[in-house]
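*Asks:* Just one file: model-v8.tsv, with TSV, C-alpha atoms.
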chain	number	residue	atom	x	y	z
N	338	MET	CA	2.35	5.82	13.25
N	339	GLU	CA	4.59	3.08	14.64
N	340	LYS	CA	5.67	5.12	17.65
N	341	GLU	CA	3.94	4.29	20.93
N	342	LYS	CA	1.56	1.88	19.21
N	343	THR	CA	0.10	-1.27	20.73
N	344	SER	CA	-1.71	-3.79	18.56
N	345	GLY	CA	-3.29	-7.20	18.70
N	346	HIS	CA	-6.10	-9.49	17.63
N	347	ALA	CA	-9.33	-9.84	19.62
N	348	PRO	CA	-11.70	-12.82	19.45
N	349	VAL	CA	-14.95	-11.14	18.37
N	350	ASN	CA	-18.04	-12.90	17.03
N	351	GLY	CA	-16.02	-15.63	15.34
N	352	LEU	CA	-13.37	-13.26	13.99
N	353	GLN	CA	-9.80	-12.56	14.98
N	354	MET	CA	-10.20	-8.81	14.81
N	355	TYR	CA	-7.08	-6.68	14.36
N	356	TYR	CA	-6.79	-3.43	16.27
N	357	GLU	CA	-4.23	-0.76	17.16
N	358	ILE	CA	-4.14	1.73	20.02
N	359	HIS	CA	-2.33	5.05	19.68
N	360	GLY	CA	-2.03	8.09	21.94
N	361	ASN	CA	-3.68	8.87	25.25
N	362	GLY	CA	-6.94	10.34	26.46
N	363	ASN	CA	-9.98	9.71	28.60
N	364	MET	CA	-12.53	9.23	25.80
N	365	PRO	CA	-11.22	6.93	23.04
N	366	LEU	CA	-11.79	7.79	19.39
N	367	VAL	CA	-12.54	4.70	17.30
N	368	LEU	CA	-11.52	4.91	13.62
N	369	ILE	CA	-13.49	2.80	11.13
N	370	HIS	CA	-11.98	2.51	7.64
N	371	GLY	CA	-13.68	2.54	4.25
N	372	GLY	CA	-14.58	-0.40	2.03
N	373	GLY	CA	-11.67	-2.45	0.71
N	374	SER	CA	-9.29	-0.62	3.01
N	375	THR	CA	-6.92	-1.00	5.94
N	376	ILE	CA	-6.11	1.27	8.86
N	377	GLN	CA	-3.13	2.66	6.99
N	378	SER	CA	-4.77	3.18	3.60
N	379	THR	CA	-7.65	5.16	5.09
N	380	PHE	CA	-6.09	6.89	8.10
N	381	GLY	CA	-2.32	6.78	7.58
N	382	ILE	CA	-2.04	10.56	7.20
N	383	ILE	CA	-4.55	11.83	9.74
N	384	LEU	CA	-4.11	9.22	12.48
N	385	PRO	CA	-0.86	10.67	13.88
N	386	MET	CA	-2.44	14.14	13.92
N	387	LEU	CA	-5.43	12.88	15.90
N	388	ALA	CA	-3.26	10.76	18.23
N	389	LYS	CA	-1.53	13.92	19.49
N	390	HIS	CA	-4.72	14.86	21.31
N	391	HIS	CA	-6.78	11.66	21.62
N	392	LYS	CA	-6.51	8.00	22.48
N	393	ILE	CA	-7.10	6.30	19.13
N	394	ILE	CA	-8.45	2.80	18.62
N	395	ALA	CA	-8.12	1.84	14.96
N	396	LEU	CA	-9.44	-1.48	13.69
N	397	GLU	CA	-9.92	-3.60	10.61
N	398	LEU	CA	-13.31	-5.10	9.84
N	399	GLN	CA	-14.31	-8.57	8.63
N	400	ALA	CA	-12.07	-9.87	5.79
N	401	HIS	CA	-10.18	-6.56	5.65
N	402	GLY	CA	-6.46	-6.17	6.30
N	403	ARG	CA	-5.30	-8.32	9.19
N	404	THR	CA	-8.76	-9.35	10.42
N	405	SER	CA	-9.96	-12.84	9.59
N	406	ASP	CA	-13.11	-13.69	7.64
N	407	ARG	CA	-16.20	-15.66	8.65
N	408	ASN	CA	-18.43	-17.97	6.68
N	409	GLY	CA	-21.03	-15.38	5.84
N	410	PRO	CA	-21.54	-12.11	3.99
N	411	GLU	CA	-20.48	-8.69	5.19
N	412	SER	CA	-23.14	-6.35	6.51
N	413	PHE	CA	-23.05	-2.94	8.13
N	414	GLU	CA	-25.14	-4.31	11.00
N	415	GLN	CA	-22.68	-7.14	11.65
N	416	ASP	CA	-19.74	-4.75	11.40
N	417	ALA	CA	-21.42	-2.57	14.04
N	418	ASP	CA	-21.83	-5.57	16.33
N	419	ASP	CA	-18.19	-6.52	15.74
N	420	VAL	CA	-16.95	-3.05	16.70
N	421	ALA	CA	-19.12	-3.15	19.83
N	422	GLY	CA	-17.66	-6.58	20.61
N	423	LEU	CA	-14.12	-5.27	20.26
N	424	LEU	CA	-14.80	-2.44	22.71
N	425	LYS	CA	-16.28	-4.93	25.16
N	426	TYR	CA	-13.13	-7.05	24.82
N	427	LEU	CA	-11.03	-3.94	25.50
N	428	LYS	CA	-13.26	-3.08	28.49
N	429	ILE	CA	-14.27	0.28	27.01
N	430	GLY	CA	-17.80	1.35	27.95
N	431	LYS	CA	-18.15	4.47	25.81
N	432	ALA	CA	-16.24	6.05	22.94
N	433	ASP	CA	-16.30	8.56	20.10
N	434	PHE	CA	-16.49	7.10	16.59
N	435	LEU	CA	-15.15	8.32	13.25
N	436	GLY	CA	-16.13	6.41	10.12
N	437	PHE	CA	-15.18	7.05	6.50
N	438	SER	CA	-17.37	6.01	3.54
N	439	ASN	CA	-18.60	2.46	4.29
N	440	GLY	CA	-17.11	2.97	7.73
N	441	GLY	CA	-19.46	5.90	8.16
N	442	THR	CA	-22.45	3.69	7.40
N	443	THR	CA	-21.11	1.21	9.97
N	444	THR	CA	-20.84	4.10	12.44
N	445	LEU	CA	-24.50	4.94	11.86
N	446	GLN	CA	-25.39	1.33	12.63
N	447	ILE	CA	-23.33	1.48	15.83
N	448	ALA	CA	-25.34	4.52	16.90
N	449	ILE	CA	-28.59	2.72	16.03
N	450	ARG	CA	-27.78	-0.70	17.49
N	451	HIS	CA	-25.47	0.21	20.38
N	452	PRO	CA	-26.32	3.78	21.45
N	453	GLU	CA	-25.09	3.13	24.99
N	454	ILE	CA	-21.45	2.98	23.83
N	455	VAL	CA	-21.61	6.17	21.72
N	456	ASN	CA	-20.47	9.58	22.92
N	457	LYS	CA	-20.01	11.56	19.67
N	458	ILE	CA	-19.67	10.50	16.04
N	459	ILE	CA	-17.96	11.88	12.94
N	460	LEU	CA	-19.24	10.77	9.55
N	461	MET	CA	-16.89	11.33	6.62
N	462	SER	CA	-18.25	10.90	3.08
N	463	CYS	CA	-21.10	8.78	4.38
N	464	SER	CA	-24.56	7.96	3.00
N	465	TYR	CA	-27.60	6.22	4.40
N	466	LEU	CA	-29.73	6.27	1.22
N	467	ARG	CA	-28.96	4.85	-2.22
N	468	GLU	CA	-30.00	8.18	-3.72
N	469	GLY	CA	-27.19	9.81	-1.75
N	470	MET	CA	-24.50	8.54	-4.12
N	471	ILE	CA	-23.52	10.17	-7.41
N	472	ALA	CA	-25.32	9.03	-10.56
N	473	GLY	CA	-24.17	5.66	-11.86
N	474	PHE	CA	-22.52	4.47	-8.64
N	475	PHE	CA	-24.82	1.53	-7.94
N	476	GLU	CA	-25.53	0.83	-11.60
N	477	SER	CA	-21.84	0.12	-12.27
N	478	MET	CA	-21.38	-2.16	-9.26
N	479	PRO	CA	-22.60	-5.51	-10.74
N	480	ASN	CA	-20.00	-5.31	-13.51
N	481	ALA	CA	-17.08	-4.42	-11.24
N	482	THR	CA	-14.09	-6.76	-11.09
N	483	LEU	CA	-10.97	-6.84	-8.96
N	484	ASP	CA	-9.19	-5.01	-11.78
N	485	ASN	CA	-11.46	-2.03	-11.07
N	486	MET	CA	-10.35	-1.90	-7.42
N	487	PRO	CA	-7.90	0.98	-6.93
N	488	LYS	CA	-4.32	-0.31	-6.96
N	489	PRO	CA	-3.36	1.53	-3.74
N	490	LEU	CA	-6.08	-0.41	-1.89
N	491	GLN	CA	-4.93	-3.71	-3.36
N	492	GLU	CA	-1.34	-2.95	-2.42
N	493	ALA	CA	-2.33	-1.89	1.11
N	494	PHE	CA	-4.17	-5.18	1.69
N	495	LEU	CA	-1.35	-7.33	0.31
N	496	SER	CA	1.28	-5.42	2.30
N	497	VAL	CA	-0.29	-6.56	5.59
N	498	THR	CA	-1.86	-9.85	4.41
N	499	PRO	CA	-0.02	-11.24	1.37
N	500	ASP	CA	-2.91	-13.45	0.25
N	501	GLN	CA	-4.32	-12.90	-3.24
N	502	LYS	CA	-7.27	-15.20	-2.52
N	503	GLY	CA	-8.09	-13.18	0.61
N	504	LEU	CA	-7.98	-9.98	-1.46
N	505	GLN	CA	-10.40	-11.47	-3.99
N	506	THR	CA	-12.74	-12.63	-1.21
N	507	MET	CA	-12.77	-9.19	0.40
N	508	PHE	CA	-13.53	-7.57	-2.96
N	509	GLU	CA	-16.39	-9.95	-3.72
N	510	LYS	CA	-17.96	-9.49	-0.27
N	511	ASP	CA	-17.64	-5.70	-0.46
N	512	LYS	CA	-19.17	-5.74	-3.94
N	513	ALA	CA	-22.09	-7.97	-2.86
N	514	ARG	CA	-22.81	-5.71	0.10
N	515	MET	CA	-23.04	-2.63	-2.10
N	516	ILE	CA	-25.19	-4.33	-4.74
N	517	THR	CA	-27.72	-5.29	-2.06
N	518	PHE	CA	-27.42	-2.06	-0.05
N	519	LYS	CA	-30.76	-0.97	1.40
N	520	ASP	CA	-31.67	2.47	2.66
N	521	ILE	CA	-31.52	2.98	6.42
N	522	PRO	CA	-35.05	4.00	7.47
N	523	GLU	CA	-35.42	7.68	8.23
N	524	ASP	CA	-36.92	7.07	11.66
N	525	LEU	CA	-33.79	5.20	12.76
N	526	ILE	CA	-31.63	8.12	11.65
N	527	ARG	CA	-33.85	10.60	13.51
N	528	ASN	CA	-33.53	8.52	16.69
N	529	ILE	CA	-29.75	9.03	16.84
N	530	THR	CA	-29.36	11.59	19.61
N	531	ALA	CA	-25.56	11.69	19.91
N	532	PRO	CA	-23.77	14.81	18.61
N	533	VAL	CA	-22.71	14.26	15.00
N	534	LEU	CA	-20.20	16.00	12.76
N	535	ILE	CA	-20.65	15.31	9.03
N	536	ILE	CA	-17.68	16.07	6.76
N	537	LEU	CA	-17.82	15.83	2.98
N	538	GLY	CA	-15.71	16.80	-0.01
N	539	ASP	CA	-17.39	19.17	-2.44
N	540	HIS	CA	-16.58	16.71	-5.28
N	541	ASP	CA	-17.27	13.54	-3.30
N	542	VAL	CA	-19.06	10.34	-4.39
N	543	VAL	CA	-21.70	11.27	-1.82
N	544	THR	CA	-23.72	14.27	-2.99
N	545	THR	CA	-23.78	17.51	-1.07
N	546	ASP	CA	-27.58	17.42	-1.21
N	547	HIS	CA	-27.51	14.13	0.67
N	548	ALA	CA	-25.09	15.48	3.27
N	549	VAL	CA	-27.45	18.40	3.88
N	550	LYS	CA	-30.44	16.04	4.11
N	551	MET	CA	-28.60	13.84	6.61
N	552	SER	CA	-27.58	16.85	8.71
N	553	GLN	CA	-31.24	17.87	8.87
N	554	ALA	CA	-32.46	14.35	9.70
N	555	LEU	CA	-30.01	13.86	12.55
N	556	PRO	CA	-31.31	15.84	15.53
N	557	ASN	CA	-27.90	16.99	16.79
N	558	ALA	CA	-25.71	17.37	13.70
N	559	GLN	CA	-23.22	19.82	12.26
N	560	LEU	CA	-22.07	19.84	8.63
N	561	ALA	CA	-18.74	20.81	7.07
N	562	ILE	CA	-18.16	20.66	3.31
N	563	LEU	CA	-14.50	20.97	2.39
N	564	PRO	CA	-12.73	21.31	-0.95
N	565	GLY	CA	-11.82	17.95	-2.43
N	566	THR	CA	-12.82	14.50	-3.58
N	567	HIS	CA	-13.65	11.28	-1.73
N	568	GLY	CA	-11.14	11.20	1.14
N	569	SER	CA	-8.76	13.85	-0.17
N	570	PHE	CA	-9.63	16.26	2.65
N	571	PHE	CA	-7.97	13.97	5.20
N	572	GLY	CA	-5.37	12.16	3.07
N	573	GLU	CA	-6.94	8.80	2.17
N	574	VAL	CA	-4.46	6.85	0.06
N	575	CYS	CA	-6.39	6.92	-3.23
N	576	SER	CA	-6.98	10.67	-3.21
N	577	ILE	CA	-4.12	12.14	-1.22
N	578	GLN	CA	-2.85	15.44	-2.60
N	579	LYS	CA	0.85	15.97	-2.06
N	580	GLY	CA	1.58	19.06	0.00
N	581	SER	CA	-2.05	19.64	0.94
N	582	ARG	CA	-2.71	20.92	4.46
N	583	LEU	CA	-6.37	19.97	4.34
N	584	PRO	CA	-5.73	16.87	6.50
N	585	GLU	CA	-4.53	19.25	9.23
N	586	VAL	CA	-7.70	21.31	8.82
N	587	THR	CA	-9.81	18.16	9.08
N	588	ALA	CA	-7.94	17.01	12.18
N	589	ILE	CA	-8.56	20.40	13.79
N	590	LEU	CA	-12.27	20.25	12.96
N	591	VAL	CA	-12.50	16.77	14.48
N	592	SER	CA	-10.65	17.78	17.66
N	593	GLU	CA	-12.70	20.96	18.05
N	594	PHE	CA	-15.89	18.93	17.70
N	595	LEU	CA	-14.77	16.31	20.22
N	596	GLY	CA	-13.71	19.03	22.67
Could you render the structure from this file as structure tokens?

*Replies:*
Amino acid sequence: MEKEKTSGHAPVNGLQMYYEIHGNGNMPLVLIHGGGSTIQSTFGIILPMLAKHHKIIALELQAHGRTSDRNGPESFEQDADDVAGLLKYLKIGKADFLGFSNGGTTTLQIAIRHPEIVNKIILMSCSYLREGMIAGFFESMPNATLDNMPKPLQEAFLSVTPDQKGLQTMFEKDKARMITFKDIPEDLIRNITAPVLIILGDHDVVTTDHAVKMSQALPNAQLAILPGTHGSFFGEVCSIQKGSRLPEVTAILVSEFLG
């Protein structure tokens, strides 16, 4: 991933927002990581595969990784505005977007709030309704502590920002956002006209029923359900399966969809 990479921080809506650019291409593909994650922990395996064929812009959202925090809670709407602000800073008028988990919900908000910058979107393990998550997901959230956060995610954060207090702050803001998560209204989903590819693991934390419902609600969507758990089908750090070629399959599906 370090080969032919440029990186920096952009002043965006009161943040110093970290970003990386990999590869070449006319239509950039913006990668949006999952909750509690960094570029590397979410996309470390699949990013080099995608960068062979696309110009990749990877970023880190508020309080995550190398991006600063602001005096305020996290929200998917604000994250969407921050991503749009980064593209404006980089003088990019339109892009493709790929979001994983919470990053997928942010991607939906980008399509809702900033449709003019969206070409195509890929939603990986993404939900827009509380009912879309497996049983017990939201019920367990109020009792979660930093000790419950997967160690690979903690290590990924500290490897790029060695600040235990910053890690705790990110965890608390992520937790608060999920506790207060509200459904995205169906009419807003149905108004997303961009082509959409939905990818899900068959043993994901998002239910297959929800993925089907979302594919039917979005007017221009395709759905792929692959073997695996939350993120394993593209090599996310908490679920990577050694020797698996599924990340290659996922990269091919993404590239075929983008054209």

*Asks:* Nearest residue to Pro410 in chain N out of N:Thr444, N:Ser344, N:Thr506, N:Gln553, using only C-alpha atoms?

*Replies:*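 Ranking N:Thr444, N:Ser344, N:Thr506, N:Gln553 by distance to Pro410 in chain N, first place goes to N:Thr506.
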
*Asks:* Find, counting all atoms listed in the file, the residue in N:Leu534, N:Val420, N:Met507, N:Met478 that gets nearest to Ser592 in chain N.

*Replies:*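 Nearest candidate to Ser592 in chain N out of N:Leu534, N:Val420, N:Met507, N:Met478: N:Leu534.
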
*Asks:* What does the structure give for the distance between CA of Gly381 in chain N and CA of Leu560 in chain N, in Å to one decimal?

*Replies:*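 Between these atoms lies a distance of 23.7 Å.
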
*Asks:* Looking at all atoms listed in the file, which of N:Thr443, N:Ser378, N:Asn485, N:Ser552 is the one that sits closest to Ala421 in chain N?

*Replies:* N:Thr443

*Asks:* Around the point (-17.2, -2.6, -2.1) (coordinates from the file), which residues reach within 12 Å if we count only C-alpha atoms? Answer as a PyMOL selection string.

*Replies:* chain N and resi 371-374+400-401+411-413+438-440+474-475+477-479+481-483+485-487+490+504-518

*Asks:* Next, dump the selected residues to file, keeping only C-alpha atoms, as a JSON list (two decimals), in the coordinates of the input.

*Replies:*
[["chain", "number", "residue", "atom", "x", "y", "z"],
["N", 371, "GLY", "CA", -13.68, 2.54, 4.25],
["N", 372, "GLY", "CA", -14.58, -0.40, 2.03],
["N", 373, "GLY", "CA", -11.67, -2.45, 0.71],
["N", 374, "SER", "CA", -9.29, -0.62, 3.01],
["N", 400, "ALA", "CA", -12.07, -9.87, 5.79],
["N", 401, "HIS", "CA", -10.18, -6.56, 5.65],
["N", 411, "GLU", "CA", -20.48, -8.69, 5.19],
["N", 412, "SER", "CA", -23.14, -6.35, 6.51],
["N", 413, "PHE", "CA", -23.05, -2.94, 8.13],
["N", 438, "SER", "CA", -17.37, 6.01, 3.54],
["N", 439, "ASN", "CA", -18.60, 2.46, 4.29],
["N", 440, "GLY", "CA", -17.11, 2.97, 7.73],
["N", 474, "PHE", "CA", -22.52, 4.47, -8.64],
["N", 475, "PHE", "CA", -24.82, 1.53, -7.94],
["N", 477, "SER", "CA", -21.84, 0.12, -12.27],
["N", 478, "MET", "CA", -21.38, -2.16, -9.26],
["N", 479, "PRO", "CA", -22.60, -5.51, -10.74],
["N", 481, "ALA", "CA", -17.08, -4.42, -11.24],
["N", 482, "THR", "CA", -14.09, -6.76, -11.09],
["N", 483, "LEU", "CA", -10.97, -6.84, -8.96],
["N", 485, "ASN", "CA", -11.46, -2.03, -11.07],
["N", 486, "MET", "CA", -10.35, -1.90, -7.42],
["N", 487, "PRO", "CA", -7.90, 0.98, -6.93],
["N", 490, "LEU", "CA", -6.08, -0.41, -1.89],
["N", 504, "LEU", "CA", -7.98, -9.98, -1.46],
["N", 505, "GLN", "CA", -10.40, -11.47, -3.99],
["N", 506, "THR", "CA", -12.74, -12.63, -1.21],
["N", 507, "MET", "CA", -12.77, -9.19, 0.40],
["N", 508, "PHE", "CA", -13.53, -7.57, -2.96],
["N", 509, "GLU", "CA", -16.39, -9.95, -3.72],
["N", 510, "LYS", "CA", -17.96, -9.49, -0.27],
["N", 511, "ASP", "CA", -17.64, -5.70, -0.46],
["N", 512, "LYS", "CA", -19.17, -5.74, -3.94],
["N", 513, "ALA", "CA", -22.09, -7.97, -2.86],
["N", 514, "ARG", "CA", -22.81, -5.71, 0.10],
["N", 515, "MET", "CA", -23.04, -2.63, -2.10],
["N", 516, "ILE", "CA", -25.19, -4.33, -4.74],
["N", 517, "THR", "CA", -27.72, -5.29, -2.06],
["N", 518, "PHE", "CA", -27.42, -2.06, -0.05]]

*Asks:* Measuring atom to atom with all atoms listed in the file, identify which of N:Gln446, N:Thr343, N:Gln415, N:Thr375 is nearest to Asp520 in chain N.

*Replies:*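 Closest residue, counting all atoms listed in the file: N:Gln446.
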
*Asks:* Pick from N:Phe594, N:Phe571, N:Tyr426, N:Phe434: nearest to Pro385 in chain N, with all atoms listed in the file counted?

*Replies:*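 Of N:Phe594, N:Phe571, N:Tyr426, N:Phe434, the one nearest Pro385 in chain N, counting all atoms listed in the file, is N:Phe571.
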
*Asks:* Looking at only C-alpha atoms, which of N:Glu476, N:Asp406, N:Glu585, N:Glu523 is the one that sits closest to Lys502 in chain N?

*Replies:* N:Asp406

*Asks:* State, in Å with one decimal place, the distance from CA of Ile459 in chain N to CA of Thr498 in chain N.

*Replies:*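 Computed distance, CA of Ile459 in chain N to CA of Thr498 in chain N, equals 28.4 Å.
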
*Asks:* Within 8 Å of (-3.1, 10.0, 2.3), in the coordinates the file gives, what residues turn up when you count only C-alpha atoms, written out as a list in words?

*Replies:*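 Output of the proximity query reads Ser378, Thr379, Phe380, Gly381, Ile382, Ile383, Ser569, Phe571, Gly572, Glu573, Val574, Cys575, Ser576, Ile577 and Gln578 of chain N.
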
*Asks:* Can I get the selection written as a compact mmCIF listing (two decimals), in the frame of the given file, with C-alpha atoms?

*Replies:*
# COMPACT_ATOMS: atom_id res chain seq x y z
CA SER N 378 -4.77 3.18 3.60
CA THR N 379 -7.65 5.16 5.09
CA PHE N 380 -6.09 6.89 8.10
CA GLY N 381 -2.32 6.78 7.58
CA ILE N 382 -2.04 10.56 7.20
CA ILE N 383 -4.55 11.83 9.74
CA SER N 569 -8.76 13.85 -0.17
CA PHE N 571 -7.97 13.97 5.20
CA GLY N 572 -5.37 12.16 3.07
CA GLU N 573 -6.94 8.80 2.17
CA VAL N 574 -4.46 6.85 0.06
CA CYS N 575 -6.39 6.92 -3.23
CA SER N 576 -6.98 10.67 -3.21
CA ILE N 577 -4.12 12.14 -1.22
CA GLN N 578 -2.85 15.44 -2.60
